[in-house]
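Novice: As input, take entry29.txt (compact mmCIF, C-alpha atoms):
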# COMPACT_ATOMS: atom_id res chain seq x y z
CA GLU A 1 174.11 107.71 109.30
CA LYS A 2 173.84 106.66 105.65
CA ALA A 3 177.62 106.78 105.25
CA GLY A 4 177.98 104.26 108.06
CA ILE A 5 177.43 101.33 105.69
CA ILE A 6 180.27 102.34 103.32
CA ARG A 7 183.08 99.79 103.31
CA LYS A 8 186.77 100.29 102.52
CA ASN A 9 187.52 99.90 98.81
CA GLY A 10 183.85 99.19 98.17
CA ARG A 11 181.35 100.75 95.81
CA VAL A 12 178.76 103.36 96.69
CA ILE A 13 175.62 103.79 94.58
CA LEU A 14 174.22 107.16 95.62
CA SER A 15 170.70 108.39 94.93
CA ALA A 16 169.72 112.06 94.95
CA GLN A 17 170.61 113.75 98.25
CA THR A 18 170.63 117.23 99.68
CA GLU A 19 173.82 119.14 98.86
CA ASP A 20 175.20 118.78 102.41
CA ALA A 21 174.48 115.05 102.59
CA ASP A 22 175.94 114.44 99.14
CA SER A 23 179.17 116.26 100.06
CA GLU A 24 179.52 114.38 103.36
CA ILE A 25 178.94 110.96 101.77
CA ALA A 26 181.35 111.76 98.93
CA ALA A 27 184.06 112.79 101.42
CA ILE A 28 183.69 109.61 103.49
CA THR A 29 183.67 107.52 100.31
CA GLN A 30 186.99 109.08 99.31
CA GLN A 31 188.47 108.58 102.79
CA LEU A 32 187.68 104.86 102.61
CA GLY A 33 189.02 104.45 99.10
CA ALA A 34 185.63 103.45 97.77
CA SER A 35 184.28 104.35 94.35
CA LEU A 36 181.25 106.62 94.06
CA HIS A 37 178.55 106.16 91.42
CA ARG A 38 175.65 108.61 91.41
CA VAL A 39 172.25 107.60 90.05
CA SER A 40 171.94 109.11 86.59
CA ASP A 41 169.04 110.49 84.60
CA ALA A 42 169.42 107.44 82.34
CA ASP A 43 168.73 105.19 85.33
CA ARG A 44 165.62 107.20 86.20
CA GLU A 45 164.43 107.20 82.60
CA MET A 46 164.65 103.42 82.49
CA ILE A 47 162.48 103.09 85.60
CA ALA A 48 160.05 105.68 84.19
CA HIS A 49 159.41 103.35 81.25
CA PRO A 50 155.64 102.86 80.69
CA ARG A 51 156.01 99.17 81.59
CA CYS A 52 157.45 99.99 84.99
CA ARG A 53 155.96 103.21 86.18
CA LYS A 54 153.31 102.97 88.88
CA GLY A 55 153.44 106.57 90.07
CA ASP A 56 156.46 108.47 91.37
CA HIS A 57 156.53 106.74 94.74
CA GLN A 58 159.82 104.89 95.28
CA ILE A 59 161.09 105.73 91.79
CA GLU A 60 164.41 106.99 93.17
CA ASN A 61 164.91 103.73 95.07
CA ALA A 62 164.14 101.74 91.93
CA ALA A 63 166.53 103.89 89.90
CA THR A 64 169.24 103.26 92.51
CA ALA A 65 168.70 99.51 92.15
CA ALA A 66 168.89 99.87 88.36
CA ALA A 67 172.16 101.79 88.68
CA ALA A 68 173.62 99.07 90.90
CA LEU A 69 172.61 96.39 88.41
CA SER A 70 174.09 98.37 85.53
CA ILE A 71 177.44 98.54 87.36
CA TRP A 72 177.23 94.87 88.24
CA LYS A 73 176.62 94.19 84.56
CA ARG A 74 180.00 95.75 83.75
CA ASP A 75 181.60 93.03 85.89
CA SER A 76 180.54 90.39 83.34
CA VAL A 77 177.33 89.47 85.14
CA ARG A 78 174.73 88.81 82.46
CA ILE A 79 172.06 91.42 83.23
CA THR A 80 170.23 93.01 80.31
CA LYS A 81 168.00 96.05 80.11
CA GLU A 82 165.09 93.65 79.66
CA HIS A 83 165.94 92.00 82.99
CA ILE A 84 165.88 95.37 84.74
CA LEU A 85 162.62 96.38 83.06
CA ARG A 86 160.99 93.06 83.94
CA GLY A 87 162.15 93.28 87.54
CA SER A 88 160.89 96.82 87.99
CA GLU A 89 157.63 95.97 86.28
CA THR A 90 156.87 93.09 88.64
CA ALA A 91 158.51 94.33 91.86
CA GLN A 92 156.39 94.63 94.96
CA TRP A 93 157.37 97.00 97.78
CA PRO A 94 155.65 95.90 100.99
CA GLY A 95 154.74 98.88 103.09
CA ARG A 96 155.12 101.31 100.19
CA MET A 97 151.71 102.35 98.90
CA GLN A 98 150.75 98.71 99.23
CA HIS A 99 147.24 98.01 98.01
CA ILE A 100 145.55 95.62 100.47
CA LYS A 101 142.93 93.92 98.32
CA GLU A 102 141.88 91.01 100.53
CA GLY A 103 141.41 90.21 104.19
CA PHE A 104 139.15 91.06 107.12
CA VAL A 105 139.79 94.81 107.17
CA ALA A 106 139.70 95.08 103.37
CA GLU A 107 136.22 93.53 103.42
CA GLN A 108 135.05 95.74 106.29
CA VAL A 109 135.92 99.02 104.54
CA LYS A 110 134.56 98.14 101.08
CA PRO A 111 133.75 99.76 98.71
CA LYS A 112 136.69 101.91 99.77
CA LYS A 113 140.16 100.80 98.71
CA LEU A 114 142.72 100.09 101.40
CA TYR A 115 146.43 101.00 101.32
CA PHE A 116 149.40 100.78 103.67
CA ASP A 117 152.43 103.04 103.45
CA GLY A 118 155.07 103.18 106.15
CA ALA A 119 155.99 106.82 105.38
CA HIS A 120 157.68 107.90 108.62
CA ASN A 121 159.66 111.03 107.70
CA GLU A 122 159.11 114.25 105.79
CA SER A 123 160.50 113.10 102.44
CA ALA A 124 158.52 109.85 102.52
CA ALA A 125 155.38 111.77 103.48
CA HIS A 126 155.82 114.09 100.50
CA ALA A 127 156.35 111.08 98.22
CA LEU A 128 153.18 109.49 99.58
CA ALA A 129 151.22 112.71 99.08
CA ASN A 130 152.43 112.94 95.48
CA THR A 131 151.37 109.37 94.81
CA ILE A 132 147.92 109.81 96.33
CA ASN A 133 147.38 112.98 94.33
CA SER A 134 148.37 111.17 91.13
CA LEU A 135 145.70 108.51 91.77
CA GLU A 136 142.86 111.03 91.63
CA GLU A 137 141.22 109.36 94.62
CA LYS A 138 139.91 110.98 97.78
CA HIS A 139 141.83 109.41 100.68
CA ILE A 140 141.21 109.28 104.40
CA LEU A 141 144.44 108.83 106.36
CA VAL A 142 144.84 106.62 109.42
CA CYS A 143 148.07 107.74 111.05
CA SER A 144 150.36 107.12 114.00
CA MET A 145 153.97 108.18 114.53
CA LEU A 146 156.76 107.54 116.98
CA GLU A 147 157.35 110.38 119.43
CA THR A 148 160.85 110.89 118.03
CA LYS A 149 159.57 111.91 114.60
CA ASP A 150 158.93 115.47 113.42
CA HIS A 151 155.15 115.33 113.58
CA SER A 152 154.64 118.86 112.31
CA GLU A 153 156.64 118.36 109.11
CA ILE A 154 155.12 114.94 108.39
CA LEU A 155 151.54 116.09 108.98
CA SER A 156 152.13 119.19 106.86
CA ALA A 157 153.33 117.00 103.98
CA LEU A 158 150.47 114.51 104.33
CA SER A 159 147.85 117.27 104.41
CA ARG A 160 148.54 117.90 100.71
CA ALA A 161 146.86 114.59 99.94
CA ALA A 162 143.89 114.39 102.31
CA LYS A 163 141.46 116.50 104.28
CA THR A 164 140.53 113.89 106.89
CA LEU A 165 142.94 112.31 109.37
CA VAL A 166 142.26 109.59 111.94
CA LEU A 167 144.89 109.48 114.69
CA ILE A 168 145.63 106.34 116.68
CA PRO A 169 148.10 105.56 119.49
CA HIS A 170 151.41 104.16 118.28
CA PRO A 171 151.84 100.43 119.04
CA HIS A 172 155.38 101.09 120.36
CA GLY A 173 154.57 104.35 122.09
CA ALA A 174 154.38 104.97 125.82
CA ALA A 175 150.93 106.58 125.66
CA ALA A 176 147.80 104.46 125.44
CA ALA A 177 145.84 107.29 123.83
CA VAL A 178 146.43 110.15 121.41
CA SER A 179 147.43 113.30 123.30
CA PHE A 180 145.55 116.60 123.14
CA GLY A 181 148.74 118.21 121.86
CA GLU A 182 148.95 115.84 118.91
CA ARG A 183 145.29 116.37 118.11
CA ASN A 184 145.68 120.15 118.25
CA LEU A 185 148.73 119.96 115.99
CA ALA A 186 146.88 117.82 113.42
CA GLN A 187 143.99 120.30 113.38
CA LYS A 188 146.37 122.95 112.08
CA PHE A 189 146.81 120.96 108.88
CA PHE A 190 143.65 118.91 108.34
CA GLU A 191 140.05 120.03 107.97
CA ARG A 192 138.78 117.06 109.92
CA VAL A 193 140.67 115.18 112.66
CA LEU A 194 139.23 112.10 114.36
CA ILE A 195 140.66 110.19 117.32
CA ALA A 196 140.51 106.41 117.70
CA ASN A 197 141.71 104.27 120.60
CA SER A 198 142.47 101.29 118.39
CA MET A 199 143.20 100.46 114.78
CA MET A 200 139.85 98.71 114.36
CA GLN A 201 138.02 101.75 115.66
CA ALA A 202 140.04 103.89 113.27
CA PHE A 203 138.93 101.78 110.31
CA ASP A 204 135.34 101.95 111.49
CA LEU A 205 135.51 105.76 111.68
CA ALA A 206 137.34 106.10 108.36
CA SER A 207 134.92 103.81 106.53
CA LYS A 208 132.06 106.15 107.43
CA GLU A 209 133.83 109.21 106.02
CA SER A 210 133.32 110.45 102.49
CA GLY A 211 136.09 109.18 100.22
CA ASP A 212 137.40 106.53 97.86
CA ALA A 213 140.23 104.99 99.88
CA ILE A 214 141.81 104.62 103.32
CA THR A 215 145.59 104.80 103.70
CA VAL A 216 147.39 103.73 106.87
CA CYS A 217 150.63 105.65 107.27
CA GLY A 218 153.14 107.26 109.64
CA SER A 219 155.20 104.26 110.72
CA LEU A 220 156.38 100.89 109.41
CA TYR A 221 155.65 99.56 112.90
CA LEU A 222 151.94 99.76 112.03
CA GLY A 223 152.44 97.00 109.47
CA GLU A 224 152.39 94.07 111.87
CA PRO A 225 149.26 94.97 113.89
CA PHE A 226 147.50 96.05 110.68
CA ALA A 227 148.35 92.75 108.97
CA GLN A 228 147.28 90.70 111.98
CA LEU A 229 143.98 92.56 112.14
CA ASN A 230 143.53 91.82 108.45
CA GLY A 231 144.16 88.12 109.05
CA GLU A 232 147.77 87.99 107.83
CA ARG A 233 151.11 87.58 109.61
CA SER A 234 152.86 90.67 108.26
CA PHE A 235 152.87 93.16 105.40
CA VAL A 236 156.57 94.05 105.69
Rewrite the coordinates I just gave you, this time as structure tokens.

Specialist:
Amino acid sequence: EKAGIIRKNGRVILSAQTEDADSEIAAITQQLGASLHRVSDADREMIAHPRCRKGDHQIENAATAAAALSIWKRDSVRITKEHILRGSETAQWPGRMQHIKEGFVAEQVKPKKLYFDGAHNESAAHALANTINSLEEKHILVCSMLETKDHSEILSALSRAAKTLVLIPHPHGAAAAVSFGERNLAQKFFERVLIANSMMQAFDLASKESGDAITVCGSLYLGEPFAQLNGERSFV
């Protein structure tokens, strides 16, 4: 799927992949006569600069962007290290551990902090868990996933960062309520599992739980209804 965007005689900037994926992408790159540039430790070290680093979440994506800019720089485009540092320092990633500081929901759940992360696969869930653990905050998760996702793997990863999970129906799902099967699966990983019929009910339940912050996760599709509930058009 990732190799589908490679163009003939183009350039491929490749972040860290599994061995099988890396080999497949490299082979297709060669078939199309494209050049392959792998993200280097130097790219990652630049993004890990104290000015830029805001936790490990999305650092590989930022390093990939830095690698692309470094290659572009070789083509006589005037991009300096300072430009890359400044861009990484000020970049905002909507839907990626996004701190929602204002709005209706943010006010309703205070003094708890409110975050939104669209983590919708196992690797993103692990990255989210790592970030939450680095914050030294106790989080309650509000979660919903598409039926096509590997719920077991995602919930297992997320359980490293929280003990309480509030499940809600997915806005694009066929079911109007959380199934017993999904609840039973979540109870294998979390100490406390709550069920809500709506996002507002989920926030009400989560705000009453012991903790420092509430993080909405499991799908980028949650961004629009969450933003609208908060009084905004969209987060992503």

Novice: Hey, which of A:Met97, A:Ser159, A:Ser219, A:Asp20 ends up closest to Leu146 of chain A? Count only C-alpha atoms.

Specialist: A:Ser219

Novice: Using all atoms listed in the file, which of the listed residues (A:Asp43, A:Glu153, A:Asp117, A:Glu209) sits closest to Lys81 of chain A?

Specialist: A:Asp43

Novice: Within 8 Å of (147.6, 111.8, 103.4) in the file's own coordinates, which protein, DNA or RNA residues have an atom, counting only C-alpha atoms? List them as an NGL selection string.

Specialist: :A and (125 or 128-129 or 132 or 139-141 or 157-163 or 165 or 215 or 217)

Novice: Which residue, A:Leu205, A:Ala62, A:Ala127, A:Ala119, has the smallest gap to Arg192 of chain A when you use all atoms listed in the file?

Specialist: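 Smallest separation from Arg192 of chain A among the options: A:Leu205.
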
Novice: Which protein, DNA or RNA residues are at most 10 Å from (159.9, 104.8, 97.2) in the file's coordinates when you count only C-alpha atoms, listed as a list in words?

Specialist: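 Output: Gly55, Asp56, His57, Gln58, Ile59, Glu60, Asn61, Ala62, Ala63, Trp93, Gly95, Arg96, Met97, Asp117, Ala119, Ser123, Ala124, Ala127, Leu128 and Thr131 of chain A.
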
Novice: Here is a test: counting all atoms listed in the file, which residue of A:His120, A:Ala196, A:Leu14, A:His126 is nearest to Ala67 of chain A?

Specialist: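 The shortest atom-to-atom distance to Ala67 of chain A comes from A:Leu14.
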
Novice: When you draw a straight line from atom CA of Ala206 of chain A to atom CA of Lys188 of chain A, how long is it in Å?

Specialist: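 Interatomic distance, atom CA of Ala206 of chain A to atom CA of Lys188 of chain A: 19.5 Å.
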
Novice: At a cut-off of 12 Å, using all atoms listed in the file, what residues contact Phe180 of chain A? Leave out same-chain residues fewer than 6 positions from it and give the result as a short mmCIF file (atom, residue, chain, number, x, y, z; two decimals) with C-alpha atoms, in the frame of the given file.

Specialist:
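Resulting contents of out.cif:
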data_model
loop_
_atom_site.label_atom_id
_atom_site.label_comp_id
_atom_site.auth_asym_id
_atom_site.auth_seq_id
_atom_site.Cartn_x
_atom_site.Cartn_y
_atom_site.Cartn_z
CA LEU A 167 144.89 109.48 114.69
CA PRO A 169 148.10 105.56 119.49
CA ALA A 186 146.88 117.82 113.42
CA GLN A 187 143.99 120.30 113.38
CA VAL A 193 140.67 115.18 112.66
CA LEU A 194 139.23 112.10 114.36
CA ILE A 195 140.66 110.19 117.32
#

Novice: Write segment 5-26 of chain A as a tab-separated table (two decimals), in the coordinates of the input, completed to N, CA, C and O atoms.

Specialist:
chain	number	residue	atom	x	y	z
A	5	ILE	N	177.38	102.66	106.32
A	5	ILE	CA	177.43	101.33	105.69
A	5	ILE	C	178.52	101.24	104.62
A	5	ILE	O	178.73	100.18	104.03
A	6	ILE	N	179.22	102.35	104.35
A	6	ILE	CA	180.27	102.34	103.32
A	6	ILE	C	181.46	101.52	103.82
A	6	ILE	O	181.89	101.66	104.96
A	7	ARG	N	181.96	100.65	102.95
A	7	ARG	CA	183.08	99.79	103.31
A	7	ARG	C	184.34	100.18	102.52
A	7	ARG	O	184.26	100.65	101.39
A	8	LYS	N	185.49	99.95	103.14
A	8	LYS	CA	186.77	100.29	102.52
A	8	LYS	C	186.92	99.58	101.18
A	8	LYS	O	186.66	98.39	101.05
A	9	ASN	N	187.31	100.38	100.18
A	9	ASN	CA	187.52	99.90	98.81
A	9	ASN	C	186.25	99.31	98.18
A	9	ASN	O	186.33	98.56	97.22
A	10	GLY	N	185.11	99.68	98.72
A	10	GLY	CA	183.85	99.19	98.17
A	10	GLY	C	183.30	100.09	97.09
A	10	GLY	O	184.01	100.94	96.53
A	11	ARG	N	182.04	99.91	96.79
A	11	ARG	CA	181.35	100.75	95.81
A	11	ARG	C	180.12	101.38	96.46
A	11	ARG	O	179.41	100.72	97.21
A	12	VAL	N	179.90	102.63	96.14
A	12	VAL	CA	178.76	103.36	96.69
A	12	VAL	C	177.87	103.79	95.53
A	12	VAL	O	178.32	104.48	94.60
A	13	ILE	N	176.61	103.37	95.57
A	13	ILE	CA	175.62	103.79	94.58
A	13	ILE	C	174.75	104.82	95.29
A	13	ILE	O	174.02	104.48	96.23
A	14	LEU	N	174.84	106.07	94.88
A	14	LEU	CA	174.22	107.16	95.62
A	14	LEU	C	173.05	107.77	94.87
A	14	LEU	O	173.20	108.25	93.75
A	15	SER	N	171.88	107.74	95.50
A	15	SER	CA	170.70	108.39	94.93
A	15	SER	C	170.74	109.88	95.23
A	15	SER	O	171.66	110.37	95.89
A	16	ALA	N	169.76	110.61	94.75
A	16	ALA	CA	169.72	112.06	94.95
A	16	ALA	C	169.66	112.41	96.43
A	16	ALA	O	168.86	111.84	97.18
A	17	GLN	N	170.54	113.32	96.86
A	17	GLN	CA	170.61	113.75	98.25
A	17	GLN	C	170.59	115.27	98.31
A	17	GLN	O	170.75	115.94	97.29
A	18	THR	N	170.44	115.80	99.51
A	18	THR	CA	170.63	117.23	99.68
A	18	THR	C	172.11	117.53	99.44
A	18	THR	O	172.97	116.63	99.52
A	19	GLU	N	172.43	118.78	99.16
A	19	GLU	CA	173.82	119.14	98.86
A	19	GLU	C	174.76	118.79	100.01
A	19	GLU	O	175.85	118.24	99.79
A	20	ASP	N	174.35	119.07	101.24
A	20	ASP	CA	175.20	118.78	102.41
A	20	ASP	C	175.43	117.29	102.57
A	20	ASP	O	176.57	116.84	102.81
A	21	ALA	N	174.35	116.50	102.43
A	21	ALA	CA	174.48	115.05	102.59
A	21	ALA	C	175.34	114.46	101.49
A	21	ALA	O	176.18	113.58	101.74
A	22	ASP	N	175.15	114.95	100.27
A	22	ASP	CA	175.94	114.44	99.14
A	22	ASP	C	177.43	114.69	99.37
A	22	ASP	O	178.27	113.81	99.16
A	23	SER	N	177.77	115.90	99.81
A	23	SER	CA	179.17	116.26	100.06
A	23	SER	C	179.78	115.40	101.15
A	23	SER	O	180.92	114.94	101.04
A	24	GLU	N	179.03	115.17	102.23
A	24	GLU	CA	179.52	114.38	103.36
A	24	GLU	C	179.75	112.92	102.94
A	24	GLU	O	180.79	112.32	103.27
A	25	ILE	N	178.80	112.36	102.21
A	25	ILE	CA	178.94	110.96	101.77
A	25	ILE	C	180.10	110.82	100.79
A	25	ILE	O	180.87	109.86	100.85
A	26	ALA	N	180.24	111.80	99.89
A	26	ALA	CA	181.35	111.76	98.93
A	26	ALA	C	182.70	111.82	99.64
A	26	ALA	O	183.66	111.12	99.27
